[in-house]
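Contents: one structure, followed by commentary.
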Amino acid sequence: MDSRPIGVFDSGLGGLTVVRALIDLLPHEHLVYFGDTGRFPYGPKPREEVLKYAFQITELLMSHDVKLVVVGCNSAAAAALTELRSRYEVPLTGVIEPGLRAAAKATRTGRIGVIGTVGTIASGAYQRAAAHLFPGVELTCAACPGFVEFVEAGDVDSDQVFVLVERLLAPVQAAGVDTLVLGCTHYPLLARTIGDVMGRDVVLVSSGEETAFEVAAVLDAIGARRGPRPGDEPVWHKFFTSGDPATFRTLGARFLGPEVESVEAWRWN
Ligand code: DGL
């Protein structure tokens, strides 16, 4: 048993969808979350820049003595997970393989769609992982620029969002996918609109739950899962943002729930 916290990061609020699943599956774990809202979106940025940010944030989480890091951002995982794993000794979990695994379990036809940021889709990370892990699957990928900005503005169901979703999902609809991976951790917050556009026969898959299962398995494998023990410190969740803490708290509480109580500001020098 290891009482140190789990660290999670994202470019903003999206990683909270992974945090929700982590808290539900691992309710006794302390957690430190960093949302880089001051520098979002990551999706349109060059890989080198996202790589640099991922290292900065991981370093920051390490200063909080985390026992495991969840890269709760597809764009950062696509750009940096391999490099982060070779630099740090703590286990690092991404969201790309877990999302694909969940989709492979859900599909009946083998036709799977993936939507993500421009950076994630252009990186080829999903295409490579699918070819390696599930070679029988037919993957159709579509970049969805603009989705993250709507979520960070707290708009998940306006007419403008619907029109954009309809337009950008056209390629995966045309491919006749029966399962759609929400390959950006912000997108589960748009699930209702995405579901309305795709129709009820298409299964939407977000990586949060499968990622939480992977984290649980890793912690169990190294004997680091924190269990309830009489007299132990109560569970805590700390949130940091490089953007405006008040906005993060309001939207975070709406999207994650009551766990987003206090949010501390972080300024990059
Ligand atoms: N949640 C991030 C992801 O999963 C969003 C990236 C962005 O900031 O564009 O890709």
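Following the order of the structure tokens, chains are lettered A, B, ..., residues in each are numbered from 1, and ligands are numbered from 1.
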Find the residues near ligand 1. Use a cut-off of 8 Å, count only C-alpha atoms and all ligand atoms, and write them as number ranges by chain.
-> A: 10-15, 40-44, 72-76, 116-120, 145, 148-149, 183-187
Would you write out those residues with N, CA, C and O atoms, as a short mmCIF file (atom, residue, chain, number, x, y, z; two decimals), in the first residue's frame?
```cif
data_model
loop_
_atom_site.label_atom_id
_atom_site.label_comp_id
_atom_site.auth_asym_id
_atom_site.auth_seq_id
_atom_site.Cartn_x
_atom_site.Cartn_y
_atom_site.Cartn_z
N ASP A 10 -4.20 17.45 -17.86
CA ASP A 10 -4.84 17.68 -19.16
C ASP A 10 -4.58 19.15 -19.52
O ASP A 10 -4.10 19.93 -18.70
N SER A 11 -4.95 19.50 -20.74
CA SER A 11 -4.80 20.90 -21.15
C SER A 11 -5.83 21.79 -20.45
O SER A 11 -5.72 23.01 -20.52
N GLY A 12 -6.82 21.20 -19.81
CA GLY A 12 -7.85 22.01 -19.15
C GLY A 12 -8.79 21.14 -18.35
O GLY A 12 -8.36 20.35 -17.51
N LEU A 13 -10.08 21.24 -18.67
CA LEU A 13 -11.11 20.54 -17.91
C LEU A 13 -11.29 19.08 -18.32
O LEU A 13 -11.87 18.29 -17.58
N GLY A 14 -10.85 18.73 -19.55
CA GLY A 14 -11.17 17.42 -20.11
C GLY A 14 -10.75 16.25 -19.24
O GLY A 14 -11.49 15.27 -19.09
N GLY A 15 -9.58 16.35 -18.62
CA GLY A 15 -9.08 15.24 -17.81
C GLY A 15 -9.98 14.93 -16.62
O GLY A 15 -9.87 13.87 -16.00
N PHE A 40 -4.32 26.14 -22.94
CA PHE A 40 -5.11 25.29 -23.83
C PHE A 40 -5.45 26.12 -25.08
O PHE A 40 -5.37 27.34 -25.04
N PRO A 41 -5.83 25.57 -26.21
CA PRO A 41 -5.90 24.15 -26.48
C PRO A 41 -4.55 23.60 -26.93
O PRO A 41 -3.74 24.31 -27.51
N TYR A 42 -4.30 22.33 -26.63
CA TYR A 42 -3.08 21.67 -27.07
C TYR A 42 -3.21 21.17 -28.52
O TYR A 42 -2.22 21.07 -29.24
N GLY A 43 -4.43 20.82 -28.89
CA GLY A 43 -4.66 20.15 -30.17
C GLY A 43 -4.02 20.80 -31.39
O GLY A 43 -3.41 20.12 -32.22
N PRO A 44 -4.14 22.13 -31.54
CA PRO A 44 -3.57 22.76 -32.73
C PRO A 44 -2.08 23.07 -32.61
O PRO A 44 -1.47 23.53 -33.57
N GLY A 72 -4.02 12.49 -18.83
CA GLY A 72 -5.46 12.48 -19.11
C GLY A 72 -5.83 13.32 -20.30
O GLY A 72 -6.88 13.97 -20.32
N CYS A 73 -4.97 13.32 -21.28
CA CYS A 73 -5.14 14.18 -22.46
C CYS A 73 -4.58 13.40 -23.65
O CYS A 73 -3.41 13.02 -23.65
N ASN A 74 -5.44 13.14 -24.63
CA ASN A 74 -4.99 12.38 -25.81
C ASN A 74 -3.89 13.11 -26.56
O ASN A 74 -2.94 12.49 -27.03
N SER A 75 -4.02 14.43 -26.69
CA SER A 75 -3.03 15.20 -27.45
C SER A 75 -1.66 15.10 -26.79
O SER A 75 -0.64 14.93 -27.47
N ALA A 76 -1.63 15.20 -25.45
CA ALA A 76 -0.36 15.10 -24.73
C ALA A 76 0.16 13.66 -24.75
O ALA A 76 1.37 13.43 -24.88
N GLY A 116 -10.86 13.19 -32.51
CA GLY A 116 -9.88 13.76 -31.59
C GLY A 116 -9.45 15.14 -32.09
O GLY A 116 -9.98 15.65 -33.08
N THR A 117 -8.46 15.69 -31.42
CA THR A 117 -7.95 16.99 -31.85
C THR A 117 -7.10 16.81 -33.11
O THR A 117 -6.72 15.68 -33.46
N VAL A 118 -6.79 17.92 -33.74
CA VAL A 118 -5.94 17.88 -34.94
C VAL A 118 -4.60 17.20 -34.61
O VAL A 118 -4.12 16.35 -35.35
N GLY A 119 -4.03 17.57 -33.46
CA GLY A 119 -2.73 16.99 -33.07
C GLY A 119 -2.81 15.49 -32.89
O GLY A 119 -1.94 14.75 -33.36
N THR A 120 -3.84 15.03 -32.20
CA THR A 120 -3.98 13.59 -31.92
C THR A 120 -4.17 12.81 -33.21
O THR A 120 -3.49 11.80 -33.45
N PRO A 145 -11.56 20.15 -34.75
CA PRO A 145 -11.13 21.43 -34.20
C PRO A 145 -12.33 22.26 -33.76
O PRO A 145 -13.35 22.28 -34.44
N VAL A 148 -13.05 21.47 -28.25
CA VAL A 148 -12.45 21.74 -26.94
C VAL A 148 -12.76 23.18 -26.49
O VAL A 148 -13.10 23.42 -25.31
N GLU A 149 -12.70 24.11 -27.44
CA GLU A 149 -12.97 25.51 -27.10
C GLU A 149 -14.39 25.69 -26.59
O GLU A 149 -14.64 26.44 -25.64
N GLY A 183 -11.93 10.43 -28.68
CA GLY A 183 -10.48 10.42 -28.50
C GLY A 183 -9.91 11.74 -28.04
O GLY A 183 -8.80 12.12 -28.43
N CYS A 184 -10.66 12.42 -27.22
CA CYS A 184 -10.21 13.64 -26.55
C CYS A 184 -11.00 13.65 -25.27
O CYS A 184 -12.23 13.43 -25.28
N THR A 185 -10.32 13.87 -24.15
CA THR A 185 -11.01 13.73 -22.86
C THR A 185 -12.04 14.83 -22.61
O THR A 185 -12.84 14.73 -21.69
N HIS A 186 -12.03 15.87 -23.45
CA HIS A 186 -13.10 16.88 -23.36
C HIS A 186 -14.41 16.36 -23.97
O HIS A 186 -15.48 16.85 -23.63
N TYR A 187 -14.33 15.45 -24.91
CA TYR A 187 -15.51 15.11 -25.71
C TYR A 187 -16.64 14.41 -24.97
O TYR A 187 -17.80 14.56 -25.36
#
```
For the interface of stretch 77-160 of chain A with stretch 245-255 of chain A (cut-off 12 Å, counting only C-alpha atoms), please tabulate each contacting residue of stretch 77-160 of chain A alongside its nearest pair of atoms and their separation in Å to one decimal, rows sorted by chain and increasing number, as JSON lines.
```
{"residue": "A:Val151", "atom": "CA", "partner": "A:Leu251", "partner_atom": "CA", "distance": 9.2}
{"residue": "A:Glu152", "atom": "CA", "partner": "A:Leu251", "partner_atom": "CA", "distance": 8.0}
{"residue": "A:Ala153", "atom": "CA", "partner": "A:Leu251", "partner_atom": "CA", "distance": 8.6}
{"residue": "A:Gly154", "atom": "CA", "partner": "A:Leu251", "partner_atom": "CA", "distance": 6.5}
{"residue": "A:Asp155", "atom": "CA", "partner": "A:Leu251", "partner_atom": "CA", "distance": 10.1}
{"residue": "A:Val156", "atom": "CA", "partner": "A:Phe255", "partner_atom": "CA", "distance": 10.5}
```
Only N, CA, C and O atoms, please: the residues just picked out, written as a PDB file, in the first residue's frame.
```
ATOM      1  N   VAL A 151     -16.227  23.408 -25.049  1.00  0.00           N
ATOM      2  CA  VAL A 151     -16.330  22.817 -23.708  1.00  0.00           C
ATOM      3  C   VAL A 151     -15.715  23.752 -22.669  1.00  0.00           C
ATOM      4  O   VAL A 151     -16.300  23.995 -21.607  1.00  0.00           O
ATOM      5  N   GLU A 152     -14.545  24.305 -22.981  1.00  0.00           N
ATOM      6  CA  GLU A 152     -13.879  25.184 -22.009  1.00  0.00           C
ATOM      7  C   GLU A 152     -14.689  26.454 -21.769  1.00  0.00           C
ATOM      8  O   GLU A 152     -14.546  27.096 -20.729  1.00  0.00           O
ATOM      9  N   ALA A 153     -15.556  26.806 -22.733  1.00  0.00           N
ATOM     10  CA  ALA A 153     -16.429  27.973 -22.545  1.00  0.00           C
ATOM     11  C   ALA A 153     -17.737  27.567 -21.853  1.00  0.00           C
ATOM     12  O   ALA A 153     -18.614  28.400 -21.633  1.00  0.00           O
ATOM     13  N   GLY A 154     -17.857  26.283 -21.521  1.00  0.00           N
ATOM     14  CA  GLY A 154     -19.047  25.807 -20.806  1.00  0.00           C
ATOM     15  C   GLY A 154     -20.241  25.583 -21.716  1.00  0.00           C
ATOM     16  O   GLY A 154     -21.362  25.382 -21.258  1.00  0.00           O
ATOM     17  N   ASP A 155     -20.015  25.602 -23.033  1.00  0.00           N
ATOM     18  CA  ASP A 155     -21.120  25.425 -23.987  1.00  0.00           C
ATOM     19  C   ASP A 155     -21.052  24.019 -24.568  1.00  0.00           C
ATOM     20  O   ASP A 155     -20.166  23.706 -25.357  1.00  0.00           O
ATOM     21  N   VAL A 156     -21.976  23.163 -24.155  1.00  0.00           N
ATOM     22  CA  VAL A 156     -21.940  21.775 -24.641  1.00  0.00           C
ATOM     23  C   VAL A 156     -23.185  21.388 -25.445  1.00  0.00           C
ATOM     24  O   VAL A 156     -23.274  20.272 -25.950  1.00  0.00           O
TER      25      VAL A 156
END
```
Which of stretch 3-226 of chain A DSSP labels strand (DSSP E), written as a ChimeraX atom specification | /A:6-10,31-35,68-71,92-93,111-116,138-143,179-182,203-206
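Of the listed residues (A:Ala79, A:Ile23, A:Val18, A:Glu214), A:Glu214 comes nearest to A:Glu97; the distances count only C-alpha atoms.
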Rounded to one decimal in Å, what is the spacing between atom CA of A:Phe9 and atom CA of A:Val71?
-> 5.6 Å
